[in-house]
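Source file: data-v4.txt; contents: compact mmCIF, C-alpha atoms.
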# COMPACT_ATOMS: atom_id res chain seq x y z
CA MET W 362 80.73 94.90 64.89
CA ASP W 363 81.69 92.22 62.36
CA GLN W 364 84.86 92.91 60.43
CA GLU W 365 86.47 91.62 57.31
CA PRO W 366 88.72 88.54 57.67
CA VAL W 367 91.91 89.14 59.60
CA THR W 368 93.78 87.41 56.80
CA ASN W 369 93.20 90.38 54.49
CA THR W 370 95.55 92.59 56.50
CA THR W 371 99.04 93.53 55.35
CA LEU W 372 101.60 90.86 56.15
CA LEU W 373 103.81 91.76 59.08
CA PHE W 374 106.46 89.18 58.32
CA PRO W 375 107.18 88.79 54.57
CA GLU W 376 108.39 85.35 53.58
CA GLN W 377 112.17 85.21 53.37
CA GLN W 378 113.83 84.23 50.12
CA ASP W 379 117.45 84.72 51.15
CA PRO W 380 120.19 82.77 49.38
CA LYS W 381 120.95 79.57 51.27
CA PRO W 382 124.45 79.56 52.83
CA HIS W 383 126.42 76.34 52.63
CA VAL W 384 127.88 74.72 55.72
CA SER W 385 129.00 71.11 55.95
CA LEU W 386 126.79 68.83 58.03
CA PRO W 387 128.57 67.83 61.26
CA ALA W 388 129.34 64.12 61.70
CA PRO W 389 127.97 61.63 62.47
CA ALA W 390 125.47 61.65 59.64
CA ALA W 391 123.64 59.13 57.50
CA ALA W 392 124.89 58.63 53.95
CA GLU W 393 121.87 60.38 52.44
CA LEU W 394 122.76 63.57 54.34
CA GLU W 395 126.39 63.84 53.26
CA GLU W 396 125.61 66.38 50.56
CA LEU W 397 123.21 68.43 52.66
CA SER W 398 124.38 71.84 53.84
CA ILE W 399 122.87 73.10 57.10
CA THR W 400 123.43 76.20 59.15
CA ARG W 401 121.74 74.98 62.35
CA ARG W 402 122.35 71.54 63.74
CA PRO W 403 119.19 70.01 65.26
CA GLN W 404 119.19 69.64 69.04
CA PRO W 405 117.37 67.28 71.42
CA LEU W 406 113.77 68.40 71.91
CA PRO W 407 112.00 68.93 75.26
CA ASP W 408 109.10 66.69 76.11
CA VAL W 409 105.56 68.00 75.71
CA PRO W 410 104.92 69.89 78.97
CA GLU W 411 102.79 68.41 81.72
CA SER W 412 99.28 69.71 82.33
CA GLY W 413 100.25 71.58 85.50
CA ALA W 414 102.72 73.81 83.65
CA LEU W 415 100.11 74.57 80.99
CA ARG W 416 97.45 75.42 83.57
CA LYS W 417 99.82 78.01 85.03
CA VAL W 418 100.03 79.74 81.64
CA SER W 419 96.25 79.67 81.24
CA SER W 420 95.71 81.01 84.77
CA ARG W 421 98.08 83.93 84.27
CA LEU W 422 96.46 84.76 80.94
CA ASP W 423 93.19 85.06 82.83
CA LYS W 424 94.67 87.43 85.43
CA ASN W 425 96.58 89.77 83.12
CA PRO W 426 94.50 92.93 82.51
CA LEU W 427 95.93 93.30 78.98
CA THR W 428 94.70 89.88 77.82
CA ASN W 429 91.13 89.05 76.86
CA LEU W 430 90.60 85.48 75.72
CA SER W 431 87.82 83.01 76.47
CA GLU W 432 88.63 80.09 78.77
CA ASP W 433 88.89 77.65 75.84
CA ALA W 434 91.17 80.05 73.98
CA ARG W 435 93.43 80.41 77.03
CA LYS W 436 93.73 76.63 77.22
CA ALA W 437 94.53 76.45 73.50
CA ALA W 438 97.16 79.19 73.87
CA ALA W 439 98.77 77.31 76.76
CA ALA W 440 98.75 73.96 74.96
CA LEU W 441 100.96 75.38 72.19
CA GLN W 442 103.81 76.21 74.52
CA VAL W 443 107.15 74.43 74.17
CA GLN W 444 108.52 76.52 77.07
CA PRO W 445 105.53 77.11 79.38
CA GLU W 446 107.69 78.55 82.19
CA ARG W 447 108.83 81.33 79.87
CA ALA W 448 105.28 81.96 78.61
CA ALA W 449 103.96 82.12 82.18
CA LEU W 450 106.61 84.71 83.02
CA LEU W 451 105.73 86.83 79.99
CA VAL W 452 102.03 86.97 80.78
CA ASN W 453 102.45 87.46 84.53
CA PRO W 454 101.43 91.02 85.54
CA GLN W 455 104.49 92.89 86.85
CA PRO W 456 104.33 94.80 90.15
CA ASN W 457 105.88 97.90 88.57
CA GLY W 458 103.21 98.00 85.88
CA VAL W 459 105.65 97.17 83.06
CA SER W 460 104.20 94.63 80.63
CA LEU W 461 106.36 91.83 79.23
CA LEU W 462 103.90 91.33 76.38
CA SER W 463 104.85 92.77 73.00
CA GLU W 464 102.52 95.45 71.67
CA VAL W 465 101.71 95.58 67.97
CA ALA W 466 99.97 98.69 66.64
CA VAL W 467 97.09 97.97 64.25
CA PRO W 468 94.48 100.30 62.73
CA GLY W 469 92.21 101.43 65.54
CA GLY W 470 94.10 99.84 68.41
CA SER W 471 96.80 97.52 69.66
CA LEU W 472 97.42 93.78 69.84
CA TYR W 473 99.30 92.20 72.72
CA VAL W 474 101.32 89.13 71.80
CA ILE W 475 103.50 86.48 73.40
CA GLU W 476 106.79 85.92 71.59
CA CYS W 477 107.15 82.18 72.13
CA LEU W 478 108.07 78.79 70.71
CA ALA W 479 105.18 76.54 69.64
CA TRP W 480 104.70 72.95 68.51
CA SER W 481 104.23 73.20 64.74
CA ARG W 482 101.75 70.30 64.60
CA MET W 483 99.35 72.24 66.84
CA LEU W 484 99.10 75.18 64.40
CA PHE W 485 96.79 75.27 61.40
CA PRO W 486 96.09 77.45 58.36
CA LEU W 487 92.64 78.45 57.18
CA TYR W 488 92.84 80.87 54.29
CA GLN W 489 95.92 81.76 52.24
CA PRO W 490 95.85 85.14 50.44
CA ARG W 491 98.58 83.92 48.06
CA ILE W 492 96.13 81.45 46.49
CA ALA W 493 93.10 83.76 46.61
CA ALA W 494 93.09 84.12 42.83
CA LEU W 495 92.63 80.37 42.40
CA SER W 496 89.25 78.74 42.16
CA LEU W 497 88.77 77.22 45.62
CA ALA W 498 86.55 74.19 45.99
CA VAL W 499 85.80 75.32 49.56
CA PRO W 500 84.87 78.99 50.05
CA ALA W 501 87.14 80.99 52.32
CA PRO W 502 85.61 81.58 55.76
CA ARG W 503 84.76 84.97 57.21
CA LEU W 504 86.75 85.58 60.37
CA LEU W 505 84.49 87.66 62.62
CA ASP W 506 84.97 89.37 65.97
CA ASP W 507 84.26 87.20 68.97
CA HIS W 508 82.64 88.45 72.19
CA ASN W 509 81.59 87.28 75.59
CA ALA W 510 79.53 88.89 78.35
CA ASP W 511 82.41 91.25 79.18
CA GLY W 512 82.81 92.53 75.61
CA PRO W 513 85.12 91.94 72.62
CA LEU W 514 87.79 89.24 72.81
CA ALA W 515 91.27 89.05 71.30
CA GLN W 516 90.20 86.11 69.15
CA ALA W 517 88.02 85.44 66.13
CA ARG W 518 85.16 83.13 65.21
CA CYS W 519 83.94 81.45 62.06
CA GLU W 520 81.50 78.75 61.06
CA PHE W 521 81.71 75.76 58.71
CA ALA W 522 79.00 73.39 57.58
CA SER W 523 80.85 70.45 59.14
CA PRO W 524 84.32 69.33 60.31
CA GLN W 525 84.72 67.75 56.89
CA GLN W 526 84.32 71.16 55.21
CA LEU W 527 86.95 72.62 57.55
CA ALA W 528 89.29 69.72 56.75
CA ALA W 529 88.76 70.21 53.02
CA LEU W 530 89.69 73.89 53.24
CA VAL W 531 92.82 73.20 55.29
CA ARG W 532 93.88 70.47 52.87
CA GLU W 533 93.35 72.78 49.91
CA THR W 534 95.18 75.65 51.63
CA VAL W 535 98.27 73.55 52.40
CA SER W 536 98.48 71.94 48.97
CA GLY W 537 97.63 75.16 47.14
CA THR W 538 100.25 77.10 49.09
CA LEU W 539 103.01 74.60 48.45
CA ASN W 540 102.19 74.58 44.73
CA VAL W 541 102.64 78.36 44.45
CA PRO W 542 106.03 79.12 42.81
CA LYS W 543 108.71 79.96 45.40
CA ALA W 544 106.32 79.35 48.33
CA ASP W 545 107.81 75.96 49.26
CA TYR W 546 110.60 76.69 51.77
CA SER W 547 111.11 73.10 52.87
CA ASP W 548 114.72 72.96 51.59
CA SER W 549 115.59 76.08 53.57
CA ILE W 550 113.83 74.77 56.69
CA MET W 551 115.71 71.48 56.34
CA GLN W 552 118.92 73.50 56.52
CA ARG W 553 118.17 75.96 59.30
CA GLY W 554 114.65 75.54 60.66
CA VAL W 555 112.10 78.35 60.79
CA SER W 556 113.67 81.62 61.92
CA GLU W 557 110.95 84.23 61.25
CA PRO W 558 107.96 84.10 63.65
CA LEU W 559 104.45 83.19 62.50
CA LEU W 560 101.55 85.41 63.56
CA VAL W 561 98.91 83.28 65.30
CA ILE W 562 95.40 84.07 66.51
CA LEU W 563 92.90 81.90 68.34
CA VAL W 564 89.73 81.15 66.36
CA ARG W 565 86.55 79.64 67.74
CA VAL W 566 85.20 77.33 65.03
CA THR W 567 81.55 76.28 65.08
CA PHE W 568 79.71 73.89 62.78
CA ALA W 569 76.21 74.12 61.31
CA ASP W 570 75.74 70.35 61.69
CA ASN W 571 76.04 70.77 65.50
CA SER W 572 79.40 69.05 65.74
CA PRO W 573 81.26 70.20 68.88
CA SER W 574 82.88 73.62 68.51
CA ARG W 575 86.60 74.05 69.11
CA VAL W 576 89.27 76.72 69.39
CA LEU W 577 92.06 76.48 66.82
CA PRO W 578 95.42 78.29 66.83
CA VAL W 579 95.33 79.72 63.30
CA VAL W 580 98.32 81.11 61.43
CA VAL W 581 97.31 84.35 59.71
CA ASP W 582 100.79 85.28 58.52
CA GLY W 583 103.39 82.64 57.75
CA ILE W 584 101.22 79.97 56.13
CA SER W 585 103.96 79.23 53.61
CA ARG W 586 106.41 78.68 56.46
CA LEU W 587 103.94 76.49 58.36
CA SER W 588 103.08 74.37 55.30
CA SER W 589 106.75 74.04 54.38
CA ALA W 590 107.61 73.01 57.94
CA ALA W 591 104.99 70.25 57.70
CA LYS W 592 106.50 69.09 54.40
CA THR W 593 109.97 69.12 55.93
CA ARG W 594 108.92 67.25 59.05
CA THR W 595 106.96 64.51 57.28
CA GLY W 596 109.17 64.12 54.21
CA LYS W 597 106.00 63.54 52.18
CA THR W 598 104.76 64.82 48.84
CA ILE W 599 102.60 67.93 48.77
CA ALA W 600 99.43 65.84 48.82
CA GLY W 601 100.82 63.67 51.62
CA THR W 602 101.78 66.75 53.61
CA ALA W 603 98.26 68.17 53.32
CA ASP W 604 96.80 64.85 54.45
CA ALA W 605 99.14 64.78 57.48
CA VAL W 606 98.10 68.29 58.54
CA VAL W 607 94.42 67.37 58.20
CA GLU W 608 94.98 64.19 60.22
CA ASP W 609 96.30 66.30 63.09
CA LEU W 610 93.49 68.82 62.63
CA LEU W 611 90.84 66.13 63.13
CA ARG W 612 92.44 64.70 66.28
CA ASP W 613 91.06 65.72 69.64
CA PRO W 614 93.53 67.81 71.70
CA ALA W 615 94.55 64.91 73.98
CA SER W 616 95.22 62.64 71.00
CA LEU W 617 97.29 65.33 69.28
CA ARG W 618 99.37 65.86 72.43
CA ARG W 619 100.07 62.12 72.59
CA ALA W 620 101.06 62.05 68.92
CA VAL W 621 103.48 64.95 69.40
CA ARG W 622 104.88 63.38 72.58
CA ASP W 623 105.44 60.05 70.81
CA GLU W 624 107.18 61.78 67.90
CA ILE W 625 109.48 63.70 70.26
CA ALA W 626 110.35 60.57 72.25
CA HIS W 627 111.20 58.70 69.04
CA TYR W 628 113.22 61.66 67.79
CA ASN W 629 115.28 62.03 70.97
CA SER W 630 116.04 58.29 71.00
CA ALA W 631 117.09 58.37 67.33
CA TYR W 632 119.09 61.57 67.87
CA GLN W 633 121.38 59.75 70.31
CA ARG W 634 122.31 57.32 67.52
CA GLY W 635 123.33 60.11 65.14
CA LEU W 636 121.75 62.27 62.48
CA SER W 637 119.55 60.70 59.84
CA ASP W 638 117.24 62.21 57.27
CA GLN W 639 114.17 61.91 59.50
CA VAL W 640 116.04 63.11 62.60
CA VAL W 641 117.05 66.30 60.80
CA ARG W 642 113.53 66.76 59.43
CA VAL W 643 111.83 66.54 62.82
CA GLY W 644 114.56 68.45 64.61
CA GLN W 645 114.33 71.41 62.24
CA ALA W 646 110.54 71.58 62.00
CA ALA W 647 108.94 70.27 65.21
CA THR W 648 108.93 73.73 66.79
CA VAL W 649 108.47 77.19 65.29
CA PRO W 650 108.69 80.73 66.70
CA VAL W 651 105.33 82.49 66.89
CA ARG W 652 103.77 85.79 67.87
CA LEU W 653 100.62 84.64 69.61
CA VAL W 654 97.86 87.24 69.99
CA VAL W 655 96.48 87.11 73.55
CA GLY W 656 95.12 90.64 74.01
CA ALA W 657 93.53 93.44 72.02
CA ARG W 658 92.61 97.03 72.79
CA ASN W 659 90.35 99.25 70.69
CA THR W 660 91.52 102.87 70.83
CA MET W 661 88.78 104.46 68.73
CA GLU W 662 85.03 104.72 68.90
CA VAL W 663 83.20 102.28 66.66
CA ASN W 664 79.58 102.84 65.69
CA GLN W 665 77.58 99.74 66.43
If you convert what's in this file into structure tokens, what do you get?
Amino acid sequence: MDQEPVTNTTLLFPEQQDPKPHVSLPAPAAAELEELSITRRPQPLPDVPESGALRKVSSRLDKNPLTNLSEDARKAAAALQVQPERAALLVNPQPNGVSLLSEVAVPGGSLYVIECLAWSRMLFPLYQPRIAALSLAVPAPRLLDDHNADGPLAQARCEFASPQQLAALVRETVSGTLNVPKADYSDSIMQRGVSEPLLVILVRVTFADNSPSRVLPVVVDGISRLSSAAKTRTGKTIAGTADAVVEDLLRDPASLRRAVRDEIAHYNSAYQRGLSDQVVRVGQAATVPVRLVVGARNTMEVNQ
């Protein structure tokens, strides 16, 4: 049975607005960073995992009885992983029957999630409730239940007229979010990164113009954090940040992986020479903690 958009649910992780503590930036540092106070020094970043490690995550997602994702969604869930060995362990069925997945109670059932670290450039927003009162040039999509031959899946589906309409909505969501008063956390992320996890679901996106469908990892809670992380990482204006997110959105998965890998390689090389503005930006915002929904269970009868 079709349901209302997932994004209308109560937020599980309210955006933090804590006062920013002040800690001197450790040397060495570029001159433009001398006045910046940070509470977490950026560290070298791991390389984007090889395909074999990601296939292991996808395979174990398929075998776990608590997970129910389509094959494309399992691949998308695996591609996000910064630490695929950890993710594979979490989704591996345990011989004693104890699940390492986190269970989140929702009306009518439970969600099963992986608590993991994801590449921020591989996550995207669709619809932001905080800008719902604004006049949107692109109508908000309806996120509907997705099914396969075995029944309901722990993912959603929606349709757009074309990839360009999807891109327009994402651009408007990012820019509209960052223009909301007190919704731009880029200064805080520059200081300490993203500490509160984003809630992520997999969404199968289809297009009326017959463009190829795709599965997107969509942030349904934490869009302000995601948009702010993009602004931190790129160092661009709000409009430039929105354009950068859309550029990644329109890449094919292999191209996006290469772009992230190139950015990480450049970052790690620059990191060895000392902190600079861009090193801190990428180091604080390249990865984010997420709660990735990989399973769902309905615990009540639903009239079809």
Return as JSON lines the residues of range 397-428 of chain W lying at most 9 Å from range 637-646 of chain W, together with the closest atom-to-atom pair for each and the distance in Å to one decimal, counting all atoms listed in the file, with rows in chain order and ascending residue number.
{"residue": "W:Arg401", "atom": "CA", "partner": "W:Gln645", "partner_atom": "CA", "distance": 8.2}
{"residue": "W:Arg402", "atom": "CA", "partner": "W:Val641", "partner_atom": "CA", "distance": 8.0}
{"residue": "W:Pro403", "atom": "CA", "partner": "W:Gly644", "partner_atom": "CA", "distance": 4.9}
{"residue": "W:Gln404", "atom": "CA", "partner": "W:Gly644", "partner_atom": "CA", "distance": 6.5}
{"residue": "W:Pro405", "atom": "CA", "partner": "W:Gly644", "partner_atom": "CA", "distance": 7.5}
{"residue": "W:Leu406", "atom": "CA", "partner": "W:Gly644", "partner_atom": "CA", "distance": 7.3}
Output as CSV one row per residue of range 398-491 of chain W within 7 Å of range 531-549 of chain W: the closest atom pair and its distance in Å to one decimal place, counting only C-alpha atoms, sorted by chain and residue number ascending.
residue,atom,partner,partner_atom,distance
W:Pro486,CA,W:Val531,CA,6.2
W:Leu487,CA,W:Val531,CA,5.6
W:Tyr488,CA,W:Thr534,CA,6.3
W:Gln489,CA,W:Thr534,CA,6.2
May I have the residues at most 12 Å from (73.5, 79.6, 63.0) in the file's coordinates, counting all atoms listed in the file, as an MDAnalysis selection string? chainID W and resid 519:522 567:571
Shortest contact to Val555 in chain W, candidates W:Val580, W:Val621, W:Val651, W:Val467, atoms counted all atoms listed in the file, goes to W:Val651
Go ahead and compute the interatomic distance for CA of Asp582 in chain W and CA of Arg565 in chain W, in Å to one decimal.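 These atoms are spaced 17.9 Å apart.
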State, in Å with one decimal place, the distance from CA of Arg575 in chain W to CA of Val607 in chain W.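 Between these atoms lies a distance of 15.0 Å.
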In Å to one decimal, how far is CA of Pro468 in chain W from CA of Leu450 in chain W? 28.3 Å
May I ask which of the residues W:Val499, W:Glu411, W:Pro558, W:Leu451 is the closest one to Ala528 in chain W, counting all atoms listed in the file?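 Using all atoms listed in the file, Ala528 in chain W sits closest to W:Val499.
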Go through range 455-541 of chain W and flag each residue having an atom no more than 9 Å from range 433-441 of chain W; for those, report the closest pair of atoms plus their distance in Å to one decimal, using all atoms listed in the file, ordered by chain and rising number, as a Markdown table.
| residue | atom | partner | partner_atom | distance |
| --- | --- | --- | --- | --- |
| W:Leu478 | CA | W:Leu441 | CA | 8.0 |
| W:Ala479 | CA | W:Leu441 | CA | 5.1 |
| W:Trp480 | CA | W:Leu441 | CA | 5.8 |
| W:Ser481 | CA | W:Leu441 | CA | 8.4 |
| W:Met483 | CA | W:Leu441 | CA | 6.4 |
| W:Leu484 | CA | W:Leu441 | CA | 8.0 |
| W:Gln516 | CA | W:Ala434 | CA | 7.8 |
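Across W:Val443, W:Ala498, W:Ala657, W:Val418, the tightest approach to Arg618 in chain W is made by W:Val443 when counting only C-alpha atoms.
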So, with all atoms listed in the file as the atoms that count, which of W:Ala603, W:Pro456, W:Leu563, W:Arg482 lies closest to Ala620 in chain W?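 Looking at the shortest contact to Ala620 in chain W, the residue is W:Arg482.
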Which residues come within 9 Å of Arg652 in chain W, counting all atoms listed in the file, excluding same-chain residues fewer than 2 positions away, as a PyMOL selection string? chain W and resi 463+474-478+558-562+650+654
May I have the selected residues written with C-alpha atoms, as a PDB file, in the frame of the given file?
ATOM      1  CA  SER W 463     104.850  92.770  73.000  1.00  0.00           C
ATOM      2  CA  VAL W 474     101.320  89.130  71.800  1.00  0.00           C
ATOM      3  CA  ILE W 475     103.500  86.480  73.400  1.00  0.00           C
ATOM      4  CA  GLU W 476     106.790  85.920  71.590  1.00  0.00           C
ATOM      5  CA  CYS W 477     107.150  82.180  72.130  1.00  0.00           C
ATOM      6  CA  LEU W 478     108.070  78.790  70.710  1.00  0.00           C
ATOM      7  CA  PRO W 558     107.960  84.100  63.650  1.00  0.00           C
ATOM      8  CA  LEU W 559     104.450  83.190  62.500  1.00  0.00           C
ATOM      9  CA  LEU W 560     101.550  85.410  63.560  1.00  0.00           C
ATOM     10  CA  VAL W 561      98.910  83.280  65.300  1.00  0.00           C
ATOM     11  CA  ILE W 562      95.400  84.070  66.510  1.00  0.00           C
ATOM     12  CA  PRO W 650     108.690  80.730  66.700  1.00  0.00           C
ATOM     13  CA  VAL W 654      97.860  87.240  69.990  1.00  0.00           C
TER      14      VAL W 654
END
Is it possible to get the axis-aligned box enclosing range 533-540 of chain W (all listed atoms, 3 Å extra per side) as lines of an AutoDock Vina configuration file, with centre and edge lengths in Å rounded to one decimal?
center_x = 98.2
center_y = 74.5
center_z = 48.6
size_x = 15.7
size_y = 11.2
size_z = 13.7
Need the shell around Asp511 in chain W: protein/DNA/RNA residues with any atom at most 12 Å away, counting all atoms listed in the file. Skip same-chain ones fewer than 3 positions apart. Format as a list of chain:residue names?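 Once the nearby chain positions are removed, what remains is W:Asn429, W:Leu430, W:Ser431, W:Asp507, W:His508, W:Leu514.
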